[in-house]
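Heads up: the structure comes next, in structure tokens.
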Amino acid sequence: MFELVPFILLFPVLGLLTNLVFGRYLGERFVGIIASGAVAASFIVSVIQVFALVNNNFHVETVLVADWITIGKMYLPWQIRVDTLSVTMMVLVTGVGTLIHIYAVGYMHGDKRFARFFVYLNLFVVMMLVLVAADNYLMLFVGWEGVGICSYLLIGFWYDKGDDNLGNARAGRKAFVVNRIGDFGFLIAMFMIFGAVGSLQFDAVLYYFENHGMEVGQLATTITLLLLVGAAGKSAQIPLFVWLPDAMAGPTPVSALIHAATMVTAGIYMMVRSAPIYAIAPSSQMTVALLGAGTALMAGTIALAQWDIKRVLAYSTISQLGFMVAAVGLGAHVAAMFHLITHAFFKALLFLSAGSVIHGVEHGAHKSDDHCDPQDMRNMGGLKDKMKITFGVYVVGAIALAGIFPLSGFWSKDEILADAWHVGMVEGHWHGMTVYILLALAAVITAFYMTRQIILVFFGSSRSAAANHAAENPPTMTVPLIGLAILSIVGGGINLPWSHTLGSWLEHTHHFFHGIDFNLTVALTSTALAVASIFVGFIVYYRRPLESSTAPDPLMSVLGPSLKFFYNKWYIDELYGTTFVRLYEWKARFLAFKVDRDFWHDFVHNQIILKSFKNVSGTLSGPVDRLGINKFFDGLAYSVHNIAVKVLRPVQTGYVRNYALGVMLGVVMVLGIMLIR
Amino acid sequence: MIPTSYYLALSVILFAIGVAGVLLRRNAIILFMAIELMLNSANLVFVAYSRQFGALDGQILVFFVMTVAAAEVAVGLALIVTIFRSKASIDVDDISMLKG
Amino acid sequence: MIIPDLNLVATLPLLFLSAWACVLLIVGLWISKDRTHVSGWLTCLGLIVTIVLVVSAPEVSQEAFGGMLAIDGFSNLLHLLFLGSGLLVTLLSLNYLKQHDIERSEFYPLLLFSVVGMMSMAMAKDLIVVFLSLELLSIPLYVLAGLARTRTGSQESALKYFLLGAFASAFQVYGIALVYGATQSTSLASITASIAVHGSTPLLLSGIGLVLVGFCFKVGAVPFHMWTPDVYEGAPSIVTTFMSVGAKAAGFAALVRVFFEGFELVAVEWAPLMAIFAILSTIVGNITAISQKSIKRLLAYSSIAHAGYLFVAIVAGGQGDFSDFAASAVVFYLFAYACANIGAWAIVIALEKTDDIGTAIGDFAGLARSNPGLGVAMTIFVLSLTGLPPTMGFVAKFYVFRAAVNVGYTWLVIASVATVLISAYYYLRIIVLMWMKDGNEIDSSPVPLNFVVVLAAVTTLLFGVLPGPVMGLLEKSIQGIF
């Protein structure tokens, strides 16, 4: 059954090729069916792989697709790795992907680039699958870059919209550039791995680091920190998270699939994959854990103050990714993967529901001719009765994200916190406790801003005509929402504390992947904190609802200037603007105008080189070339032509007997050469 | 017994006559006969050596050559007849439209 | 006498196709004249079945008919080439015959017989089988060349081809007889054994020389090339397409097997001769092509030059590992040449109207604008024939030249590259005409023709970009045969 695994990649490739070539003629319905069907087919194959692994006693299997690079001792095949970790990701990517594709058919209805959107989306699925199915770092990198380019294309999908009609294009560029910084780290790490191990195959690399232990500790630390740079770029961690909120410029299904559920988790996946290297670099692990926890808290505070419905979710995504990264740093790989999966469910759900809200409000805006920003929560309110399904699933997603028992978010977040607790209290590392406190605070904030969002969007009275005329969306959009809602509710079941299903499943990939035992104290504490936080949220926003779309946030009176600080994202963009971007632009200007134009072009090139060149070439082209060389070659060409016309063609007389004579001469020549020597 | 070299000499002479015929004559039929002569001189070589080695295979090969020659005759004469119909001539020098 | 081991199963593709041709000959009697395309499709069916038989054959080297035929990687690959080009030519002829009013049901069986001859040519391990296969492939071609029997050009080309072909075969038979006299056998294995004992004698060398003459005539090497332009011009284009690819490939197939396997021990004697043919063919072919006005004659001279490039690889024969590589290079070159040449001829056929109208080089003017598909395809074919990347022709020339460099014929390679430059002159002129000049509108081309053109163009490009797998397959299949 493992032979089937290339089909996982093949189906979306076929889908995208079909839509690429025939998309224009097929019409929305067929384009949608082909694109969604392709991903669904991949999903079925992924599920088959699960059974294949079970039959194979969970042993890893590799399937060679083609040889790629063989230079000296460097051997890099296109090889698909089927183990419990990669299959988990495959099922997740294709499963969530299918639902989002179906949703997008409804969401993108009527867009003039409908077919192109699905081509990109299928391409993304292909690349993401390449990433997770890779058997070596370079193939992983191909997928890594591939999803990056898809992300870029899709963020800028409506490239003619946004601020100055360029905003979306700029957002795409920003995402790309920031990701490149991360890729730089990843690439250097890859070079170093190859330099040390002489291979990029996972088996060889991980075996090397597992068996050389502490003697390569220094090297492992460097490599893992560089990998962390890569992961920070792709998974939007401090200091490279700035691109993800801007990425919300893309269509909402894209935000859900790429910028919440799958692509941004690639960094976590890569670090989990490299776990044996991290295992021998404790200081890197600590850095990873603190960085993740810090990101979780910081992004949470920013989410607190945003008005844009998608931006709140974007910062929330960064915050949750921080949870996963922190878990990886604590060595809690199972918890990280667990949270990755449940987060994919409920965050995709939240984004798609937000999309549904936006779509509904836009619809209302068309009806009522009130063209306010359909993403600004200040323009919403009171949507609870107008969009019942959306409201229901949104609440499910929010509760799951807030980590309320017994929804999926509770189990996974709790496992991370339990791990942090374990590292801090039981093993007695100071950073464990720090991480625990940071994450607990982040969890409190999460519950609060989700409460804020629910109330602002769905409760109270409509604060704009658009919101007043909003209406529920068609079933292509709501059915996937319900599917995801169910997953968000029961998703925790894959790794309940007393069964550790996911833990024992992933254990077959790396022996040190373990789940952690349930910790009642931690669970009760975090639940109590979340409930309290929701309660406070209700007091702040429900008791004193926003009156109009221009009213200030009620929280302003409590937090004051610090809320403004949060609202402006800790001024990180401005900080980068003044430090890096402006410096860079100054350097670029200096190089372009002073060095290149004034010095190099005007002085060196024009004055010195060009002038002397003109003199020399004047001499060469005049007497030497035109009269000498050109004449010679003209003459040569002419004489070759002359040979053809005057000598070779007349030989071809058309008389058979002459031709026979030619044959005879040939015979004489052959015999002469063969005999006389 | 006559030495093989005698046969060989005879075959070379026949072959040379054949080649000369192809090069010098203009009648397509004669050309054709000259080619047959060349083939038969080869047959003579086969048979002569076959006798010298005391093996039969050389003589069997002759049958193959003769069969092929017969097939060539069939095709060749048909072509010549076609050309004669349209040109009323089988002078190969008249058939020289294609050249250059 | 022991009854030789026939091993008929191994020769199944050959036997099947022969039988199919015979059946088709008889069935053709009941097919009315306006329904000849039925024969055409039946021919396609037969060829496809044979391709399947060849592909599904076990990958072991075998012998049949008491060691007279070899079935191995080399022959199987070439069988695919012959059958494939037969198939493409059949597809092209479906419309061509009708358009030019030469719909004769015997066309297809004759084509198949010729393919059978080519196939056994690639398998021949005995000189007499070489001779028989050569005649089996040639005699149908003589008839096919004269297919348009009302046209004097067609008649003339048939007669010239026939007379000179028979003349050259006579030399070859005489050569075989002399080799028989020198080694007491016509089987390649026994010849090798005998040469190992007796060394080279003048008798043997004369025999080898004359055998070579027969091959050189068939592949159109200078100075045995003079029939080529006249026959290619006069014969119906469809027949020319077939013989320019199939007959040439078959000639080289047998040449490689006979010289690399049978005469390998005296390679030092014949290798310089091959180099001379290479030089003469590339120079004369390319230079004469420059002054041509008819595209058919131009392609004829170009095919002479290509024979020359193939001889560049042949010089590496009989040199152990290098001869395996040389054989792979020859086969790869033949595939590249086949794709580009069939494609180019298909486009010539698309432009050709009736009797000689539309066959001038000037008729290509503006093709890229009036029919961009054909224009792009023709550009690809011309680039491949010139040997420019990213086409298969480039890779093929690269392999062929490397084969010669391997055995120290660097001067030959330098000289050949110089002739490639000459060839660029007339090849690129076609591209210039197509893209930069204005010309007549042309009618849309029939579907089978478009299919052939697209297939050839895609193959030419694909294996130009990714030659690795194909060359790997070739080297693996041919490993250890020579």
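Every chain in the structure tokens has a letter given in the order shown (A, B, ...), and although residue numbers restart at 1 in each chain, ligands are simply numbered from 1 in the order shown.
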
(message) Report as an MDAnalysis selection string all protein, DNA and RNA residues lying within 7 Å of stretch 288-299 of chain A, evaluated on only C-alpha atoms, omitting residues in the same chain fewer than 2 positions from it.
(response) chainID A and resid 237:238 284:286 301:303 315:316 318:320 322:323 325:330 435 438:439 441:442

(request) Return the neighbours of chain C among the residues of chain A, cut-off 12 Å, counting only C-alpha atoms, as an NGL selection string. (result) :A and (66-70 or 636-677)

(request) Find the spatial neighbours of A:Ala133, counting only C-alpha atoms, within a cut-off of 10 Å - ignore same-chain residues fewer than 4 positions away - and output them as a PyMOL selection string. (result) chain A and resi 5-6+8-9+62-63+78-83+85-87+89-90+127-129+139-140+143

Would you output that residue set with N, CA, C and O atoms, as a compact mmCIF listing (two decimals), in the first residue's frame?
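Listed below is the output, selection09.txt:
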# COMPACT_ATOMS: atom_id res chain seq x y z
N VAL A 5 1.74 6.03 -2.23
CA VAL A 5 1.98 7.34 -1.64
C VAL A 5 2.31 8.43 -2.66
O VAL A 5 1.91 9.58 -2.47
N PRO A 6 2.99 8.15 -3.79
CA PRO A 6 3.21 9.24 -4.75
C PRO A 6 1.92 9.86 -5.25
O PRO A 6 1.89 11.01 -5.66
N ILE A 8 -0.47 10.83 -3.58
CA ILE A 8 -0.83 11.97 -2.74
C ILE A 8 -0.40 13.26 -3.42
O ILE A 8 -1.12 14.25 -3.45
N LEU A 9 0.80 13.21 -3.99
CA LEU A 9 1.30 14.39 -4.68
C LEU A 9 0.68 14.51 -6.06
O LEU A 9 0.41 15.61 -6.55
N THR A 62 10.25 4.10 3.07
CA THR A 62 10.53 5.17 2.13
C THR A 62 10.21 4.69 0.73
O THR A 62 10.42 3.52 0.40
N VAL A 63 9.68 5.60 -0.07
CA VAL A 63 9.29 5.26 -1.44
C VAL A 63 10.08 6.15 -2.38
O VAL A 63 9.94 7.37 -2.35
N TRP A 78 14.43 12.01 -4.89
CA TRP A 78 13.05 12.37 -4.57
C TRP A 78 12.47 11.14 -3.91
O TRP A 78 12.12 10.19 -4.57
N GLN A 79 12.40 11.19 -2.61
CA GLN A 79 11.99 10.01 -1.88
C GLN A 79 10.96 10.44 -0.85
O GLN A 79 11.15 11.42 -0.15
N ILE A 80 9.90 9.67 -0.78
CA ILE A 80 8.84 10.04 0.16
C ILE A 80 9.00 9.19 1.41
O ILE A 80 9.19 7.98 1.33
N ARG A 81 8.95 9.87 2.55
CA ARG A 81 9.11 9.16 3.81
C ARG A 81 7.74 8.98 4.44
O ARG A 81 7.01 9.94 4.66
N VAL A 82 7.40 7.75 4.69
CA VAL A 82 6.12 7.47 5.34
C VAL A 82 6.41 6.99 6.74
O VAL A 82 6.81 5.85 6.94
N ASP A 83 6.28 7.88 7.71
CA ASP A 83 6.34 7.42 9.09
C ASP A 83 5.20 8.10 9.84
O ASP A 83 4.44 8.88 9.27
N LEU A 85 4.95 10.44 11.90
CA LEU A 85 4.95 11.90 11.93
C LEU A 85 4.48 12.49 10.61
O LEU A 85 3.59 13.34 10.55
N SER A 86 5.10 12.00 9.50
CA SER A 86 4.75 12.59 8.21
C SER A 86 3.31 12.25 7.83
O SER A 86 2.59 13.08 7.28
N VAL A 87 2.88 11.04 8.15
CA VAL A 87 1.51 10.68 7.80
C VAL A 87 0.51 11.54 8.58
O VAL A 87 -0.51 11.97 8.04
N MET A 89 0.92 14.57 9.43
CA MET A 89 0.84 15.85 8.74
C MET A 89 0.08 15.72 7.42
O MET A 89 -0.68 16.61 7.04
N MET A 90 0.33 14.61 6.70
CA MET A 90 -0.36 14.43 5.41
C MET A 90 -1.87 14.40 5.61
O MET A 90 -2.62 15.07 4.89
N MET A 127 2.94 21.50 -2.60
CA MET A 127 4.20 21.89 -2.00
C MET A 127 4.24 21.54 -0.51
O MET A 127 5.25 21.09 0.01
N MET A 128 3.11 21.73 0.14
CA MET A 128 3.05 21.39 1.57
C MET A 128 3.27 19.89 1.75
O MET A 128 3.95 19.46 2.69
N LEU A 129 2.72 19.11 0.82
CA LEU A 129 2.89 17.66 0.93
C LEU A 129 4.33 17.27 0.64
O LEU A 129 4.87 16.35 1.26
N MET A 139 14.80 18.29 0.04
CA MET A 139 13.45 18.14 -0.49
C MET A 139 12.47 18.89 0.40
O MET A 139 11.55 19.55 -0.10
N LEU A 140 12.71 18.81 1.71
CA LEU A 140 11.89 19.59 2.63
C LEU A 140 11.99 21.07 2.28
O LEU A 140 11.00 21.80 2.27
N GLY A 143 9.85 22.02 -0.65
CA GLY A 143 8.49 22.26 -0.23
C GLY A 143 8.37 23.55 0.55
O GLY A 143 7.43 24.34 0.37

(request) List the neighbours of A:Leu225 out to 12 Å using only C-alpha atoms; skip same-chain residues closer than 6 positions along the sequence, and give me the result as a PyMOL selection string. (result) chain A and resi 182+185-186+188-190+192+218-219+231-232+271+274+277-278+281-289+291+329

Include N, CA and C atoms and write out the residues we just selected as an mmCIF file, in the first residue's frame.
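Below is the file that was written, again38.cif:
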data_model
loop_
_atom_site.group_PDB
_atom_site.id
_atom_site.type_symbol
_atom_site.label_atom_id
_atom_site.label_comp_id
_atom_site.auth_asym_id
_atom_site.auth_seq_id
_atom_site.Cartn_x
_atom_site.Cartn_y
_atom_site.Cartn_z
ATOM 1 N N GLY A 182 14.417 34.113 7.254
ATOM 2 C CA GLY A 182 14.385 32.818 7.919
ATOM 3 C C GLY A 182 15.057 31.739 7.083
ATOM 4 N N GLY A 185 18.738 31.408 7.425
ATOM 5 C CA GLY A 185 19.193 30.591 8.550
ATOM 6 C C GLY A 185 19.084 29.110 8.240
ATOM 7 N N PHE A 186 17.973 28.750 7.668
ATOM 8 C CA PHE A 186 17.740 27.338 7.360
ATOM 9 C C PHE A 186 18.796 26.823 6.384
ATOM 10 N N ILE A 188 21.863 27.963 5.822
ATOM 11 C CA ILE A 188 23.177 27.832 6.455
ATOM 12 C C ILE A 188 23.196 26.560 7.305
ATOM 13 N N ALA A 189 22.090 26.336 8.012
ATOM 14 C CA ALA A 189 22.012 25.132 8.839
ATOM 15 C C ALA A 189 22.180 23.903 7.968
ATOM 16 N N MET A 190 21.534 23.919 6.794
ATOM 17 C CA MET A 190 21.617 22.769 5.909
ATOM 18 C C MET A 190 23.046 22.551 5.415
ATOM 19 N N MET A 192 25.715 23.372 6.961
ATOM 20 C CA MET A 192 26.530 22.867 8.068
ATOM 21 C C MET A 192 26.254 21.391 8.315
ATOM 22 N N GLN A 218 28.540 21.510 20.362
ATOM 23 C CA GLN A 218 28.729 22.881 19.878
ATOM 24 C C GLN A 218 28.097 23.062 18.505
ATOM 25 N N LEU A 219 28.446 22.112 17.629
ATOM 26 C CA LEU A 219 27.928 22.140 16.262
ATOM 27 C C LEU A 219 26.406 22.055 16.282
ATOM 28 N N ALA A 231 12.692 28.468 11.355
ATOM 29 C CA ALA A 231 11.362 28.204 11.893
ATOM 30 C C ALA A 231 10.683 29.494 12.312
ATOM 31 N N ALA A 232 11.468 30.434 12.874
ATOM 32 C CA ALA A 232 10.881 31.702 13.311
ATOM 33 C C ALA A 232 10.319 32.460 12.121
ATOM 34 N N MET A 271 11.170 21.477 13.237
ATOM 35 C CA MET A 271 11.927 21.327 14.483
ATOM 36 C C MET A 271 11.638 19.977 15.136
ATOM 37 N N SER A 274 13.637 17.486 13.451
ATOM 38 C CA SER A 274 15.045 17.565 13.828
ATOM 39 C C SER A 274 15.256 17.333 15.317
ATOM 40 N N ILE A 277 18.566 16.397 16.965
ATOM 41 C CA ILE A 277 19.648 17.384 17.017
ATOM 42 C C ILE A 277 19.431 18.314 18.200
ATOM 43 N N TYR A 278 18.163 18.724 18.380
ATOM 44 C CA TYR A 278 17.870 19.593 19.516
ATOM 45 C C TYR A 278 18.170 18.895 20.838
ATOM 46 N N ALA A 281 21.395 19.645 22.292
ATOM 47 C CA ALA A 281 21.767 21.057 22.405
ATOM 48 C C ALA A 281 20.841 21.738 23.399
ATOM 49 N N PRO A 282 21.042 21.505 24.703
ATOM 50 C CA PRO A 282 20.100 22.015 25.706
ATOM 51 C C PRO A 282 19.935 23.531 25.664
ATOM 52 N N SER A 283 21.023 24.254 25.379
ATOM 53 C CA SER A 283 20.876 25.706 25.397
ATOM 54 C C SER A 283 19.970 26.177 24.259
ATOM 55 N N SER A 284 20.048 25.491 23.104
ATOM 56 C CA SER A 284 19.125 25.847 22.027
ATOM 57 C C SER A 284 17.701 25.568 22.444
ATOM 58 N N GLN A 285 17.514 24.423 23.083
ATOM 59 C CA GLN A 285 16.163 24.066 23.507
ATOM 60 C C GLN A 285 15.584 25.139 24.400
ATOM 61 N N MET A 286 16.426 25.620 25.311
ATOM 62 C CA MET A 286 15.965 26.646 26.225
ATOM 63 C C MET A 286 15.574 27.903 25.442
ATOM 64 N N THR A 287 16.443 28.287 24.503
ATOM 65 C CA THR A 287 16.148 29.464 23.684
ATOM 66 C C THR A 287 14.812 29.297 22.974
ATOM 67 N N VAL A 288 14.633 28.124 22.389
ATOM 68 C CA VAL A 288 13.401 27.871 21.648
ATOM 69 C C VAL A 288 12.201 28.038 22.576
ATOM 70 N N ALA A 289 12.305 27.432 23.774
ATOM 71 C CA ALA A 289 11.171 27.462 24.691
ATOM 72 C C ALA A 289 10.842 28.890 25.103
ATOM 73 N N LEU A 291 11.676 31.687 23.620
ATOM 74 C CA LEU A 291 11.236 32.475 22.464
ATOM 75 C C LEU A 291 9.768 32.209 22.175
ATOM 76 N N GLY A 329 10.548 23.366 22.433
ATOM 77 C CA GLY A 329 11.735 23.720 23.215
ATOM 78 C C GLY A 329 11.790 22.952 24.524
#

(message) Counting only C-alpha atoms, a student should be able to say which residues of chain C come within 10 Å of chain B; what is the right answer, written as a PyMOL selection string?
(response) chain C and resi 128-129+131-132+135-136+138-140+142-143+146+149-160+162-164+166-182+184-186+226-227+229-234+288+291-293+297

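From atom CA of C:Lys98 back to atom CA of C:Ser39, the distance works out to 12.9 Å.
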
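Put simply, atom CA of C:Trp435 is 28.9 Å away from atom CA of A:Arg24.
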
(request) Within chain B, find each residue whose DSSP state, derived from the backbone, is alpha helix (DSSP H), and express the selection as a ChimeraX atom specification. (result) /B:4-24,28-53,57-87

Can you tell me which residues surround C:Cys339 at a distance of at most 8 Å, considering only C-alpha atoms, apart from same-chain residues fewer than 4 positions away, and format the answer as an mmCIF file with C-alpha atoms, in the first residue's frame?
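Below you can see result_27.cif, which holds the result:
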data_model
loop_
_atom_site.group_PDB
_atom_site.id
_atom_site.type_symbol
_atom_site.label_atom_id
_atom_site.label_comp_id
_atom_site.auth_asym_id
_atom_site.auth_seq_id
_atom_site.Cartn_x
_atom_site.Cartn_y
_atom_site.Cartn_z
ATOM 1 C CA PHE C 335 16.453 8.519 -31.769
ATOM 2 C CA GLY C 343 8.819 16.118 -37.316
ATOM 3 C CA PHE C 381 13.176 20.373 -35.022
ATOM 4 C CA ALA C 456 7.997 14.599 -31.996
ATOM 5 C CA ALA C 457 8.418 18.127 -30.658
ATOM 6 C CA THR C 459 10.024 14.223 -27.208
ATOM 7 C CA THR C 460 12.743 16.337 -28.742
#

(request) Tell me which protein, DNA and RNA residues are within 7 Å of A:Ala402, counting only C-alpha atoms, leaving out same-chain ones fewer than 5 positions away, and put them as a PyMOL selection string. (result) chain A and resi 409+443+446-447+530

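Rounded to one decimal, atom CA of C:Ser303 and atom CA of C:Leu141 lie 17.2 Å from each other.
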
(request) Considering only C-alpha atoms, return as a ChimeraX atom specification whatever protein or nucleic-acid residues lie within 12 Å of C:Val331, sequence-local ones (same chain, fewer than 3 positions apart) excluded. (result) /C:73-82,122,248-257,310,313-314,324-328,334-338,396-397,399-400,470-471,473-475,477-478

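Nearest-residue note for chain A: choosing from B:Met1, B:Ala9, B:Leu23, B:Ala88, the minimum distance belongs to B:Leu23, counting only C-alpha atoms.
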